[in-house]
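So this block is model_0.csv, CSV, N, CA and C atoms:
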```
chain,number,residue,atom,x,y,z
A,1,MET,N,155.9,78.6,114.6
A,1,MET,CA,156.0,80.0,114.4
A,1,MET,C,155.4,80.4,113.0
A,2,LYS,N,154.5,81.4,113.1
A,2,LYS,CA,153.8,81.9,111.9
A,2,LYS,C,154.0,83.4,111.9
A,3,PHE,N,154.0,83.9,110.7
A,3,PHE,CA,154.1,85.4,110.5
A,3,PHE,C,153.7,85.7,109.1
A,4,ILE,N,153.5,87.0,108.8
A,4,ILE,CA,153.1,87.5,107.5
A,4,ILE,C,154.4,88.2,106.9
A,5,ALA,N,154.5,87.9,105.6
A,5,ALA,CA,155.7,88.5,104.9
A,5,ALA,C,155.3,89.0,103.6
A,6,LEU,N,155.9,90.1,103.2
A,6,LEU,CA,155.8,90.7,101.8
A,6,LEU,C,156.6,89.8,100.9
A,7,ILE,N,156.0,89.4,99.8
A,7,ILE,CA,156.6,88.6,98.8
A,7,ILE,C,157.0,89.4,97.6
A,8,CYS,N,156.1,90.2,97.1
A,8,CYS,CA,156.4,91.0,95.9
A,8,CYS,C,155.5,92.2,95.8
A,9,GLU,N,156.0,93.3,95.3
A,9,GLU,CA,155.2,94.5,95.0
A,9,GLU,C,155.0,94.5,93.5
A,10,SER,N,153.8,94.5,93.1
A,10,SER,CA,153.5,94.6,91.7
A,10,SER,C,153.7,96.0,91.1
A,11,ASN,N,153.8,96.0,89.8
A,11,ASN,CA,153.9,97.2,89.0
A,11,ASN,C,155.1,98.1,89.3
A,12,LYS,N,156.1,97.5,89.9
A,12,LYS,CA,157.3,98.3,90.4
A,12,LYS,C,158.5,97.5,90.2
A,13,PRO,N,159.6,98.0,89.7
A,13,PRO,CA,160.8,97.2,89.5
A,13,PRO,C,161.3,96.7,90.8
A,14,ASN,N,161.7,95.4,90.8
A,14,ASN,CA,162.3,94.8,92.0
A,14,ASN,C,163.8,94.9,91.9
A,15,ALA,N,164.5,94.3,92.9
A,15,ALA,CA,166.0,94.3,92.9
A,15,ALA,C,166.6,93.7,91.7
A,16,ASN,N,165.8,92.8,91.0
A,16,ASN,CA,166.3,92.2,89.7
A,16,ASN,C,165.9,93.0,88.5
A,17,ASN,N,165.3,94.1,88.7
A,17,ASN,CA,164.8,95.0,87.6
A,17,ASN,C,163.7,94.4,86.8
A,18,ARG,N,162.9,93.5,87.5
A,18,ARG,CA,161.8,92.9,86.9
A,18,ARG,C,160.5,93.6,87.4
A,19,ILE,N,159.6,93.7,86.5
A,19,ILE,CA,158.3,94.2,87.0
A,19,ILE,C,157.2,93.1,86.8
A,20,TYR,N,156.5,92.8,87.9
A,20,TYR,CA,155.5,91.8,87.8
A,20,TYR,C,154.1,92.6,87.9
A,21,PRO,N,153.4,92.6,86.8
A,21,PRO,CA,152.1,93.3,86.8
A,21,PRO,C,151.2,92.7,87.8
A,22,LYS,N,150.3,93.5,88.3
A,22,LYS,CA,149.4,93.0,89.4
A,22,LYS,C,148.5,91.9,88.9
A,23,ASP,N,148.0,91.9,87.6
A,23,ASP,CA,147.2,90.8,87.2
A,23,ASP,C,147.9,89.5,87.1
A,24,ILE,N,149.2,89.5,86.8
A,24,ILE,CA,150.0,88.3,86.8
A,24,ILE,C,150.1,87.7,88.2
A,25,LEU,N,150.4,88.5,89.2
A,25,LEU,CA,150.5,88.1,90.5
A,25,LEU,C,149.2,87.6,91.1
A,26,ALA,N,148.1,88.3,90.8
A,26,ALA,CA,146.8,88.0,91.3
A,26,ALA,C,146.4,86.6,90.7
A,27,GLU,N,146.7,86.4,89.4
A,27,GLU,CA,146.4,85.1,88.8
A,27,GLU,C,147.1,84.0,89.5
A,28,GLN,N,148.3,84.2,89.9
A,28,GLN,CA,149.1,83.1,90.6
A,28,GLN,C,148.5,82.9,92.0
A,29,VAL,N,148.1,83.9,92.7
A,29,VAL,CA,147.5,83.8,94.0
A,29,VAL,C,146.2,83.0,93.8
A,30,ASP,N,145.4,83.3,92.9
A,30,ASP,CA,144.2,82.5,92.6
A,30,ASP,C,144.4,81.1,92.3
A,31,SER,N,145.4,80.8,91.4
A,31,SER,CA,145.6,79.5,91.0
A,31,SER,C,146.3,78.6,92.0
A,32,LEU,N,146.9,79.2,93.1
A,32,LEU,CA,147.5,78.4,94.1
A,32,LEU,C,146.7,78.2,95.4
A,33,GLN,N,145.5,78.7,95.4
A,33,GLN,CA,144.7,78.5,96.6
A,33,GLN,C,144.4,77.1,97.0
A,34,ASP,N,144.2,76.2,96.1
A,34,ASP,CA,144.0,74.8,96.5
A,34,ASP,C,145.3,74.2,97.2
A,35,ASP,N,146.4,74.5,96.6
A,35,ASP,CA,147.7,74.1,97.1
A,35,ASP,C,147.9,74.7,98.5
A,36,VAL,N,147.6,75.9,98.7
A,36,VAL,CA,147.7,76.6,100.0
A,36,VAL,C,146.8,75.9,101.0
A,37,LYS,N,145.6,75.7,100.7
A,37,LYS,CA,144.6,75.0,101.6
A,37,LYS,C,145.0,73.6,102.0
A,38,GLN,N,145.6,72.9,101.0
A,38,GLN,CA,146.1,71.5,101.3
A,38,GLN,C,147.5,71.5,101.8
A,39,ARG,N,148.1,72.6,102.1
A,39,ARG,CA,149.4,72.7,102.7
A,39,ARG,C,150.5,72.1,101.8
A,40,ARG,N,150.4,72.3,100.5
A,40,ARG,CA,151.3,71.8,99.6
A,40,ARG,C,152.3,72.9,99.0
A,41,LEU,N,152.1,74.1,99.3
A,41,LEU,CA,153.0,75.2,98.8
A,41,LEU,C,154.1,75.4,99.9
A,42,MET,N,155.2,74.7,99.6
A,42,MET,CA,156.3,74.8,100.5
A,42,MET,C,157.4,75.7,100.0
A,43,GLY,N,158.4,76.0,100.8
A,43,GLY,CA,159.5,76.8,100.4
A,43,GLY,C,160.8,76.4,101.0
A,44,GLU,N,161.9,76.7,100.4
A,44,GLU,CA,163.2,76.3,100.8
A,44,GLU,C,163.9,77.4,101.5
A,45,LEU,N,164.9,77.1,102.3
A,45,LEU,CA,165.9,78.0,102.8
A,45,LEU,C,167.0,78.2,101.8
A,46,GLY,N,167.1,79.4,101.3
A,46,GLY,CA,168.1,79.6,100.2
A,46,GLY,C,167.5,79.6,98.8
A,47,GLN,N,168.2,80.2,97.9
A,47,GLN,CA,167.7,80.3,96.5
A,47,GLN,C,167.7,79.0,95.9
A,48,PRO,N,166.6,78.5,95.3
A,48,PRO,CA,166.6,77.2,94.6
A,48,PRO,C,167.5,77.2,93.3
A,49,SER,N,168.0,76.1,93.0
A,49,SER,CA,168.9,76.0,91.8
A,49,SER,C,168.1,75.7,90.6
A,50,ASP,N,166.8,75.3,90.7
A,50,ASP,CA,166.0,75.0,89.6
A,50,ASP,C,164.5,75.2,89.9
A,51,ALA,N,163.6,74.8,89.1
A,51,ALA,CA,162.2,75.0,89.2
A,51,ALA,C,161.5,73.8,89.9
A,52,THR,N,162.2,73.3,90.9
A,52,THR,CA,161.7,72.1,91.7
A,52,THR,C,161.8,72.4,93.2
A,53,ILE,N,160.8,72.0,94.0
A,53,ILE,CA,161.0,72.1,95.4
A,53,ILE,C,161.7,70.8,95.9
A,54,HIS,N,162.8,71.0,96.5
A,54,HIS,CA,163.6,69.9,97.0
A,54,HIS,C,163.2,69.7,98.5
A,55,LEU,N,162.6,68.6,98.8
A,55,LEU,CA,162.1,68.3,100.1
A,55,LEU,C,163.1,68.4,101.2
A,56,ASP,N,164.4,68.0,100.9
A,56,ASP,CA,165.4,68.0,101.9
A,56,ASP,C,165.9,69.5,102.2
A,57,LYS,N,165.4,70.5,101.5
A,57,LYS,CA,165.7,71.9,101.8
A,57,LYS,C,164.6,72.7,102.3
A,58,VAL,N,163.4,72.0,102.4
A,58,VAL,CA,162.2,72.8,102.8
A,58,VAL,C,162.3,73.3,104.3
A,59,SER,N,161.9,74.5,104.5
A,59,SER,CA,162.0,75.2,105.8
A,59,SER,C,160.7,75.7,106.3
A,60,HIS,N,159.7,75.9,105.3
A,60,HIS,CA,158.5,76.5,105.7
A,60,HIS,C,157.4,76.2,104.7
A,61,ILE,N,156.2,76.5,105.1
A,61,ILE,CA,155.0,76.2,104.3
A,61,ILE,C,154.2,77.5,104.2
A,62,ILE,N,153.5,77.7,103.1
A,62,ILE,CA,152.7,78.9,103.0
A,62,ILE,C,151.3,78.5,103.4
A,63,THR,N,150.7,79.2,104.4
A,63,THR,CA,149.4,78.9,104.9
A,63,THR,C,148.3,79.9,104.4
A,64,ASP,N,148.8,81.0,103.8
A,64,ASP,CA,147.8,81.9,103.2
A,64,ASP,C,148.6,82.7,102.2
A,65,LEU,N,148.0,83.0,101.1
A,65,LEU,CA,148.6,83.7,100.0
A,65,LEU,C,147.6,84.7,99.5
A,66,TYR,N,147.8,86.0,99.4
A,66,TYR,CA,146.8,86.9,99.0
A,66,TYR,C,147.4,88.2,98.5
A,67,MET,N,146.6,89.0,97.8
A,67,MET,CA,147.0,90.3,97.3
A,67,MET,C,146.4,91.3,98.3
A,68,SER,N,147.2,92.3,98.7
A,68,SER,CA,146.7,93.4,99.5
A,68,SER,C,147.1,94.7,98.7
A,69,ASP,N,146.2,95.3,98.0
A,69,ASP,CA,146.5,96.3,97.0
A,69,ASP,C,147.5,95.8,96.0
A,70,ASN,N,148.6,96.4,95.9
A,70,ASN,CA,149.6,95.9,94.9
A,70,ASN,C,150.6,95.0,95.5
A,71,LEU,N,150.4,94.5,96.7
A,71,LEU,CA,151.4,93.6,97.4
A,71,LEU,C,150.9,92.2,97.4
A,72,MET,N,151.8,91.3,97.0
A,72,MET,CA,151.6,89.9,97.3
A,72,MET,C,152.1,89.6,98.7
A,73,MET,N,151.2,89.0,99.5
A,73,MET,CA,151.6,88.7,100.9
A,73,MET,C,151.4,87.3,101.1
A,74,ALA,N,152.1,86.7,102.1
A,74,ALA,CA,152.0,85.3,102.5
A,74,ALA,C,152.1,85.2,104.0
A,75,GLU,N,151.2,84.3,104.5
A,75,GLU,CA,151.4,83.8,105.9
A,75,GLU,C,152.3,82.6,105.8
A,76,ILE,N,153.3,82.6,106.6
A,76,ILE,CA,154.4,81.6,106.5
A,76,ILE,C,154.4,80.9,107.8
A,77,GLU,N,154.4,79.6,107.8
A,77,GLU,CA,154.6,78.7,109.0
A,77,GLU,C,156.0,78.0,108.9
A,78,VAL,N,156.8,78.3,109.8
A,78,VAL,CA,158.1,77.6,109.8
A,78,VAL,C,158.0,76.2,110.3
A,79,LEU,N,158.5,75.3,109.6
A,79,LEU,CA,158.4,73.9,109.9
A,79,LEU,C,159.5,73.4,110.8
A,80,ASP,N,159.3,72.3,111.5
A,80,ASP,CA,160.3,71.7,112.4
A,80,ASP,C,161.2,70.7,111.6
A,81,THR,N,161.8,71.3,110.6
A,81,THR,CA,162.8,70.5,109.8
A,81,THR,C,164.2,71.1,110.1
A,82,THR,N,165.2,70.5,109.6
A,82,THR,CA,166.6,71.0,109.9
A,82,THR,C,166.7,72.4,109.4
A,83,ASN,N,166.2,72.7,108.1
A,83,ASN,CA,166.2,74.0,107.6
A,83,ASN,C,165.2,75.0,108.3
A,84,GLY,N,164.1,74.4,108.7
A,84,GLY,CA,163.2,75.2,109.5
A,84,GLY,C,163.8,75.8,110.8
A,85,LYS,N,164.5,74.9,111.4
A,85,LYS,CA,165.2,75.4,112.7
A,85,LYS,C,166.2,76.5,112.4
A,86,LYS,N,167.0,76.3,111.3
A,86,LYS,CA,167.9,77.3,110.8
A,86,LYS,C,167.2,78.6,110.5
A,87,LEU,N,166.0,78.5,109.8
A,87,LEU,CA,165.2,79.7,109.5
A,87,LEU,C,164.8,80.4,110.7
A,88,LYS,N,164.3,79.7,111.7
A,88,LYS,CA,163.9,80.3,113.0
A,88,LYS,C,165.0,81.1,113.6
A,89,GLU,N,166.2,80.6,113.6
A,89,GLU,CA,167.3,81.3,114.2
A,89,GLU,C,167.6,82.6,113.4
A,90,LEU,N,167.6,82.4,112.1
A,90,LEU,CA,167.9,83.6,111.2
A,90,LEU,C,166.8,84.7,111.4
A,91,LEU,N,165.5,84.3,111.5
A,91,LEU,CA,164.4,85.2,111.8
A,91,LEU,C,164.6,85.9,113.1
A,92,SER,N,165.1,85.2,114.1
A,92,SER,CA,165.2,85.9,115.4
A,92,SER,C,166.3,86.9,115.4
A,93,ASN,N,167.2,86.9,114.4
A,93,ASN,CA,168.2,87.9,114.2
A,93,ASN,C,167.8,88.9,113.1
A,94,GLY,N,166.6,88.8,112.5
A,94,GLY,CA,166.2,89.7,111.5
A,94,GLY,C,167.0,89.7,110.2
A,95,GLN,N,167.5,88.5,109.8
A,95,GLN,CA,168.4,88.5,108.7
A,95,GLN,C,167.7,87.8,107.5
A,96,VAL,N,166.4,87.8,107.4
A,96,VAL,CA,165.8,87.0,106.3
A,96,VAL,C,164.7,87.8,105.6
A,97,GLY,N,164.6,87.6,104.3
A,97,GLY,CA,163.5,88.1,103.5
A,97,GLY,C,163.0,86.9,102.7
A,98,PHE,N,162.0,87.2,101.9
A,98,PHE,CA,161.4,86.1,101.1
A,98,PHE,C,161.2,86.6,99.6
A,99,ARG,N,161.4,85.7,98.7
A,99,ARG,CA,161.3,85.9,97.3
A,99,ARG,C,160.5,84.8,96.6
A,100,MET,N,160.1,85.1,95.4
A,100,MET,CA,159.4,84.1,94.5
A,100,MET,C,160.4,83.4,93.6
A,101,SER,N,160.1,82.2,93.4
A,101,SER,CA,160.8,81.4,92.4
A,101,SER,C,159.8,80.8,91.4
A,102,GLY,N,160.1,80.9,90.2
A,102,GLY,CA,159.1,80.3,89.2
A,102,GLY,C,159.7,80.3,87.8
A,103,ILE,N,158.8,80.0,86.9
A,103,ILE,CA,159.2,80.0,85.5
A,103,ILE,C,158.2,81.0,84.7
A,104,GLY,N,158.8,81.6,83.7
A,104,GLY,CA,158.0,82.5,83.0
A,104,GLY,C,158.8,83.2,81.9
A,105,SER,N,158.2,84.3,81.4
A,105,SER,CA,158.8,85.0,80.3
A,105,SER,C,158.4,86.5,80.4
A,106,GLY,N,159.0,87.3,79.7
A,106,GLY,CA,158.7,88.7,79.7
A,106,GLY,C,159.3,89.5,78.5
A,107,THR,N,159.2,90.8,78.6
A,107,THR,CA,159.7,91.6,77.5
A,107,THR,C,160.5,92.8,78.1
A,108,MET,N,161.6,93.1,77.4
A,108,MET,CA,162.4,94.3,77.8
A,108,MET,C,161.7,95.6,77.3
A,109,LYS,N,161.4,96.5,78.2
A,109,LYS,CA,160.9,97.8,77.8
A,109,LYS,C,161.5,98.9,78.7
A,110,TYR,N,162.1,99.9,78.1
A,110,TYR,CA,162.7,101.0,78.9
A,110,TYR,C,163.7,100.5,79.9
A,111,ASN,N,164.6,99.5,79.6
A,111,ASN,CA,165.6,98.9,80.5
A,111,ASN,C,165.0,98.2,81.6
A,112,GLN,N,163.8,97.8,81.5
A,112,GLN,CA,163.2,96.9,82.6
A,112,GLN,C,162.5,95.7,82.0
A,113,PHE,N,162.6,94.6,82.7
A,113,PHE,CA,162.0,93.4,82.2
A,113,PHE,C,160.6,93.2,82.7
A,114,ILE,N,159.6,93.3,81.9
A,114,ILE,CA,158.2,93.3,82.3
A,114,ILE,C,157.7,91.8,82.1
A,115,ILE,N,157.3,91.2,83.2
A,115,ILE,CA,156.9,89.8,83.1
A,115,ILE,C,155.5,89.8,82.5
A,116,ASP,N,155.3,88.9,81.5
A,116,ASP,CA,154.0,88.7,80.8
A,116,ASP,C,153.5,87.3,81.0
A,117,GLU,N,154.3,86.3,81.5
A,117,GLU,CA,153.8,85.0,81.8
A,117,GLU,C,154.6,84.6,83.0
A,118,PHE,N,154.0,83.9,84.0
A,118,PHE,CA,154.7,83.5,85.2
A,118,PHE,C,153.9,82.4,85.9
A,119,LYS,N,154.7,81.4,86.3
A,119,LYS,CA,154.1,80.3,87.2
A,119,LYS,C,155.0,80.2,88.4
A,120,LEU,N,154.4,80.6,89.5
A,120,LEU,CA,155.1,80.5,90.8
A,120,LEU,C,155.3,79.1,91.3
A,121,ILE,N,156.5,78.7,91.6
A,121,ILE,CA,156.8,77.4,92.0
A,121,ILE,C,157.0,77.4,93.5
A,122,GLN,N,157.6,78.4,94.1
A,122,GLN,CA,157.8,78.4,95.5
A,122,GLN,C,158.1,79.8,96.0
A,123,ILE,N,158.0,80.0,97.3
A,123,ILE,CA,158.5,81.3,97.9
A,123,ILE,C,159.6,80.8,98.9
A,124,PHE,N,160.8,81.3,98.6
A,124,PHE,CA,161.9,80.8,99.4
A,124,PHE,C,162.5,81.9,100.3
A,125,ALA,N,163.1,81.5,101.4
A,125,ALA,CA,163.8,82.4,102.3
A,125,ALA,C,165.2,82.7,101.9
A,126,CYS,N,165.6,84.0,102.0
A,126,CYS,CA,166.9,84.4,101.5
A,126,CYS,C,167.4,85.6,102.3
A,127,GLU,N,168.6,85.9,102.1
A,127,GLU,CA,169.2,87.1,102.8
A,127,GLU,C,169.0,88.4,102.1
A,128,ASN,N,168.5,88.3,100.8
A,128,ASN,CA,168.4,89.5,100.0
A,128,ASN,C,167.1,89.5,99.3
A,129,PRO,N,166.0,89.9,99.9
A,129,PRO,CA,164.7,89.9,99.2
A,129,PRO,C,164.7,90.8,98.0
A,130,ALA,N,164.0,90.4,96.9
A,130,ALA,CA,163.9,91.2,95.7
A,130,ALA,C,162.9,92.3,96.0
```
Turn the structure described in the file into structure tokens.
Amino acid sequence: MKFIALICESNKPNANNRIYPKDILAEQVDSLQDDVKQRRLMGELGQPSDATIHLDKVSHIITDLYMSDNLMMAEIEVLDTTNGKKLKELLSNGQVGFRMSGIGSGTMKYNQFIIDEFKLIQIFACENPA
């Protein structure tokens, strides 16, 4: 099963009140292209507890990652793992979104946290997309 998902909208506060500038997201898209081509950008079912991909929790792989205007988009392939099977079931009921997990820093401005450095670690499946 493959599908396209919205991962993040740049230059706009997300549900966590963080703003990811378009150039920060585009830089990550560019830097991850080799990982995407080599099928190494995986994601977990559920929010990760740290900045590591835990192979026992992997449910999907990112087969394409790109910017479309201000939107970071991903083509996602659900894997035939235990969590991949759970993800398929959740997707069939329309109960899943996708979010980024990574490490970085930012600055508070006007009650919003503006990201100025970011390294994307994974795109995970969750019930509450940012």
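Here atom C of Glu77 of chain A is placed at a distance of 19.1 Å from atom C of Gln28 of chain A.
Across A:Phe98, A:Ile62, A:Pro21, A:Leu71, the tightest approach to Glu117 of chain A is made by A:Pro21 when counting only C-alpha atoms.
Going from atom N of Val78 of chain A over to atom CA of Phe3 of chain A, you cover 7.6 Å.
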For the alpha helix (DSSP H) assignment from backbone DSSP, which residues of chain A qualify? Please present them as number ranges by chain.
A: 22-31, 33-37, 82-92
Output the selection as a CSV table (one decimal), in the coordinates of the input - N, CA and C atoms for each residue.
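That gives us result10.csv:
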```
chain,number,residue,atom,x,y,z
A,22,LYS,N,150.3,93.5,88.3
A,22,LYS,CA,149.4,93.0,89.4
A,22,LYS,C,148.5,91.9,88.9
A,23,ASP,N,148.0,91.9,87.6
A,23,ASP,CA,147.2,90.8,87.2
A,23,ASP,C,147.9,89.5,87.1
A,24,ILE,N,149.2,89.5,86.8
A,24,ILE,CA,150.0,88.3,86.8
A,24,ILE,C,150.1,87.7,88.2
A,25,LEU,N,150.4,88.5,89.2
A,25,LEU,CA,150.5,88.1,90.5
A,25,LEU,C,149.2,87.6,91.1
A,26,ALA,N,148.1,88.3,90.8
A,26,ALA,CA,146.8,88.0,91.3
A,26,ALA,C,146.4,86.6,90.7
A,27,GLU,N,146.7,86.4,89.4
A,27,GLU,CA,146.4,85.1,88.8
A,27,GLU,C,147.1,84.0,89.5
A,28,GLN,N,148.3,84.2,89.9
A,28,GLN,CA,149.1,83.1,90.6
A,28,GLN,C,148.5,82.9,92.0
A,29,VAL,N,148.1,83.9,92.7
A,29,VAL,CA,147.5,83.8,94.0
A,29,VAL,C,146.2,83.0,93.8
A,30,ASP,N,145.4,83.3,92.9
A,30,ASP,CA,144.2,82.5,92.6
A,30,ASP,C,144.4,81.1,92.3
A,31,SER,N,145.4,80.8,91.4
A,31,SER,CA,145.6,79.5,91.0
A,31,SER,C,146.3,78.6,92.0
A,33,GLN,N,145.5,78.7,95.4
A,33,GLN,CA,144.7,78.5,96.6
A,33,GLN,C,144.4,77.1,97.0
A,34,ASP,N,144.2,76.2,96.1
A,34,ASP,CA,144.0,74.8,96.5
A,34,ASP,C,145.3,74.2,97.2
A,35,ASP,N,146.4,74.5,96.6
A,35,ASP,CA,147.7,74.1,97.1
A,35,ASP,C,147.9,74.7,98.5
A,36,VAL,N,147.6,75.9,98.7
A,36,VAL,CA,147.7,76.6,100.0
A,36,VAL,C,146.8,75.9,101.0
A,37,LYS,N,145.6,75.7,100.7
A,37,LYS,CA,144.6,75.0,101.6
A,37,LYS,C,145.0,73.6,102.0
A,82,THR,N,165.2,70.5,109.6
A,82,THR,CA,166.6,71.0,109.9
A,82,THR,C,166.7,72.4,109.4
A,83,ASN,N,166.2,72.7,108.1
A,83,ASN,CA,166.2,74.0,107.6
A,83,ASN,C,165.2,75.0,108.3
A,84,GLY,N,164.1,74.4,108.7
A,84,GLY,CA,163.2,75.2,109.5
A,84,GLY,C,163.8,75.8,110.8
A,85,LYS,N,164.5,74.9,111.4
A,85,LYS,CA,165.2,75.4,112.7
A,85,LYS,C,166.2,76.5,112.4
A,86,LYS,N,167.0,76.3,111.3
A,86,LYS,CA,167.9,77.3,110.8
A,86,LYS,C,167.2,78.6,110.5
A,87,LEU,N,166.0,78.5,109.8
A,87,LEU,CA,165.2,79.7,109.5
A,87,LEU,C,164.8,80.4,110.7
A,88,LYS,N,164.3,79.7,111.7
A,88,LYS,CA,163.9,80.3,113.0
A,88,LYS,C,165.0,81.1,113.6
A,89,GLU,N,166.2,80.6,113.6
A,89,GLU,CA,167.3,81.3,114.2
A,89,GLU,C,167.6,82.6,113.4
A,90,LEU,N,167.6,82.4,112.1
A,90,LEU,CA,167.9,83.6,111.2
A,90,LEU,C,166.8,84.7,111.4
A,91,LEU,N,165.5,84.3,111.5
A,91,LEU,CA,164.4,85.2,111.8
A,91,LEU,C,164.6,85.9,113.1
A,92,SER,N,165.1,85.2,114.1
A,92,SER,CA,165.2,85.9,115.4
A,92,SER,C,166.3,86.9,115.4
```
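Shown here are all protein and nucleic acid residues lying within 8 Å of (162.0, 71.6, 103.5), with all atoms listed in the file considered: Met42, Gly43, Glu44, Leu45, Ile53, His54, Leu55, Asp56, Lys57, Val58, Ser59, His60, Ile61, Leu79, Thr81, Thr82, Asn83 and Gly84 of chain A.
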Write a file of the just-selected residues containing N, CA and C atoms, as a PDB file, keeping the file's coordinate frame.
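part17.pdb written:
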```
ATOM      1  N   MET A  42     155.200  74.700  99.600  1.00  0.00           N
ATOM      2  CA  MET A  42     156.300  74.800 100.500  1.00  0.00           C
ATOM      3  C   MET A  42     157.400  75.700 100.000  1.00  0.00           C
ATOM      4  N   GLY A  43     158.400  76.000 100.800  1.00  0.00           N
ATOM      5  CA  GLY A  43     159.500  76.800 100.400  1.00  0.00           C
ATOM      6  C   GLY A  43     160.800  76.400 101.000  1.00  0.00           C
ATOM      7  N   GLU A  44     161.900  76.700 100.400  1.00  0.00           N
ATOM      8  CA  GLU A  44     163.200  76.300 100.800  1.00  0.00           C
ATOM      9  C   GLU A  44     163.900  77.400 101.500  1.00  0.00           C
ATOM     10  N   LEU A  45     164.900  77.100 102.300  1.00  0.00           N
ATOM     11  CA  LEU A  45     165.900  78.000 102.800  1.00  0.00           C
ATOM     12  C   LEU A  45     167.000  78.200 101.800  1.00  0.00           C
ATOM     13  N   ILE A  53     160.800  72.000  94.000  1.00  0.00           N
ATOM     14  CA  ILE A  53     161.000  72.100  95.400  1.00  0.00           C
ATOM     15  C   ILE A  53     161.700  70.800  95.900  1.00  0.00           C
ATOM     16  N   HIS A  54     162.800  71.000  96.500  1.00  0.00           N
ATOM     17  CA  HIS A  54     163.600  69.900  97.000  1.00  0.00           C
ATOM     18  C   HIS A  54     163.200  69.700  98.500  1.00  0.00           C
ATOM     19  N   LEU A  55     162.600  68.600  98.800  1.00  0.00           N
ATOM     20  CA  LEU A  55     162.100  68.300 100.100  1.00  0.00           C
ATOM     21  C   LEU A  55     163.100  68.400 101.200  1.00  0.00           C
ATOM     22  N   ASP A  56     164.400  68.000 100.900  1.00  0.00           N
ATOM     23  CA  ASP A  56     165.400  68.000 101.900  1.00  0.00           C
ATOM     24  C   ASP A  56     165.900  69.500 102.200  1.00  0.00           C
ATOM     25  N   LYS A  57     165.400  70.500 101.500  1.00  0.00           N
ATOM     26  CA  LYS A  57     165.700  71.900 101.800  1.00  0.00           C
ATOM     27  C   LYS A  57     164.600  72.700 102.300  1.00  0.00           C
ATOM     28  N   VAL A  58     163.400  72.000 102.400  1.00  0.00           N
ATOM     29  CA  VAL A  58     162.200  72.800 102.800  1.00  0.00           C
ATOM     30  C   VAL A  58     162.300  73.300 104.300  1.00  0.00           C
ATOM     31  N   SER A  59     161.900  74.500 104.500  1.00  0.00           N
ATOM     32  CA  SER A  59     162.000  75.200 105.800  1.00  0.00           C
ATOM     33  C   SER A  59     160.700  75.700 106.300  1.00  0.00           C
ATOM     34  N   HIS A  60     159.700  75.900 105.300  1.00  0.00           N
ATOM     35  CA  HIS A  60     158.500  76.500 105.700  1.00  0.00           C
ATOM     36  C   HIS A  60     157.400  76.200 104.700  1.00  0.00           C
ATOM     37  N   ILE A  61     156.200  76.500 105.100  1.00  0.00           N
ATOM     38  CA  ILE A  61     155.000  76.200 104.300  1.00  0.00           C
ATOM     39  C   ILE A  61     154.200  77.500 104.200  1.00  0.00           C
ATOM     40  N   LEU A  79     158.500  75.300 109.600  1.00  0.00           N
ATOM     41  CA  LEU A  79     158.400  73.900 109.900  1.00  0.00           C
ATOM     42  C   LEU A  79     159.500  73.400 110.800  1.00  0.00           C
ATOM     43  N   THR A  81     161.800  71.300 110.600  1.00  0.00           N
ATOM     44  CA  THR A  81     162.800  70.500 109.800  1.00  0.00           C
ATOM     45  C   THR A  81     164.200  71.100 110.100  1.00  0.00           C
ATOM     46  N   THR A  82     165.200  70.500 109.600  1.00  0.00           N
ATOM     47  CA  THR A  82     166.600  71.000 109.900  1.00  0.00           C
ATOM     48  C   THR A  82     166.700  72.400 109.400  1.00  0.00           C
ATOM     49  N   ASN A  83     166.200  72.700 108.100  1.00  0.00           N
ATOM     50  CA  ASN A  83     166.200  74.000 107.600  1.00  0.00           C
ATOM     51  C   ASN A  83     165.200  75.000 108.300  1.00  0.00           C
ATOM     52  N   GLY A  84     164.100  74.400 108.700  1.00  0.00           N
ATOM     53  CA  GLY A  84     163.200  75.200 109.500  1.00  0.00           C
ATOM     54  C   GLY A  84     163.800  75.800 110.800  1.00  0.00           C
TER      55      GLY A  84
END
```
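As for atom CA of Ile121 of chain A and atom C of Gly102 of chain A, they are spaced 5.9 Å apart.
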Hey, what does DSSP flag as strand (DSSP E) within segment 2-123 of chain A? Can you give it to me as a count of residues only?
57
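Using all atoms listed in the file, the smallest distance between any of A:Val29, A:Asp80, A:Glu75, A:Ser105 and Lys2 of chain A comes from A:Glu75.
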Which is closest to Met1 of chain A among A:Lys37, A:Thr63, A:Lys109, A:Asn128, if we use only C-alpha atoms?
A:Thr63
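Proximity to Asn17 of chain A was assessed for A:Tyr66, A:Asn111, A:Gly94, A:Met72 counting all atoms listed in the file; the smallest distance is recorded for A:Asn111.
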Neighbour list for Ser101 of chain A as a PyMOL selection string, cut-off 12 Å, only C-alpha atoms, skip fewer than 6 positions in-chain
chain A and resi 7-8+28+41-44+46-53+118-126+129-130
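Once Thr107 of chain A and its same-chain neighbours fewer than 5 positions away are set aside, Arg18, Ile19, Gln112, Phe113, Ile114, Ile115, Asp116 and Glu117 of chain A remain within 10 Å of it when counting only C-alpha atoms.
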May I have the residues within 9 Å of Asp64 of chain A as a PyMOL selection string, using only C-alpha atoms and disregarding those fewer than 3 positions away in the same chain?
chain A and resi 4+33+36-37+73-76
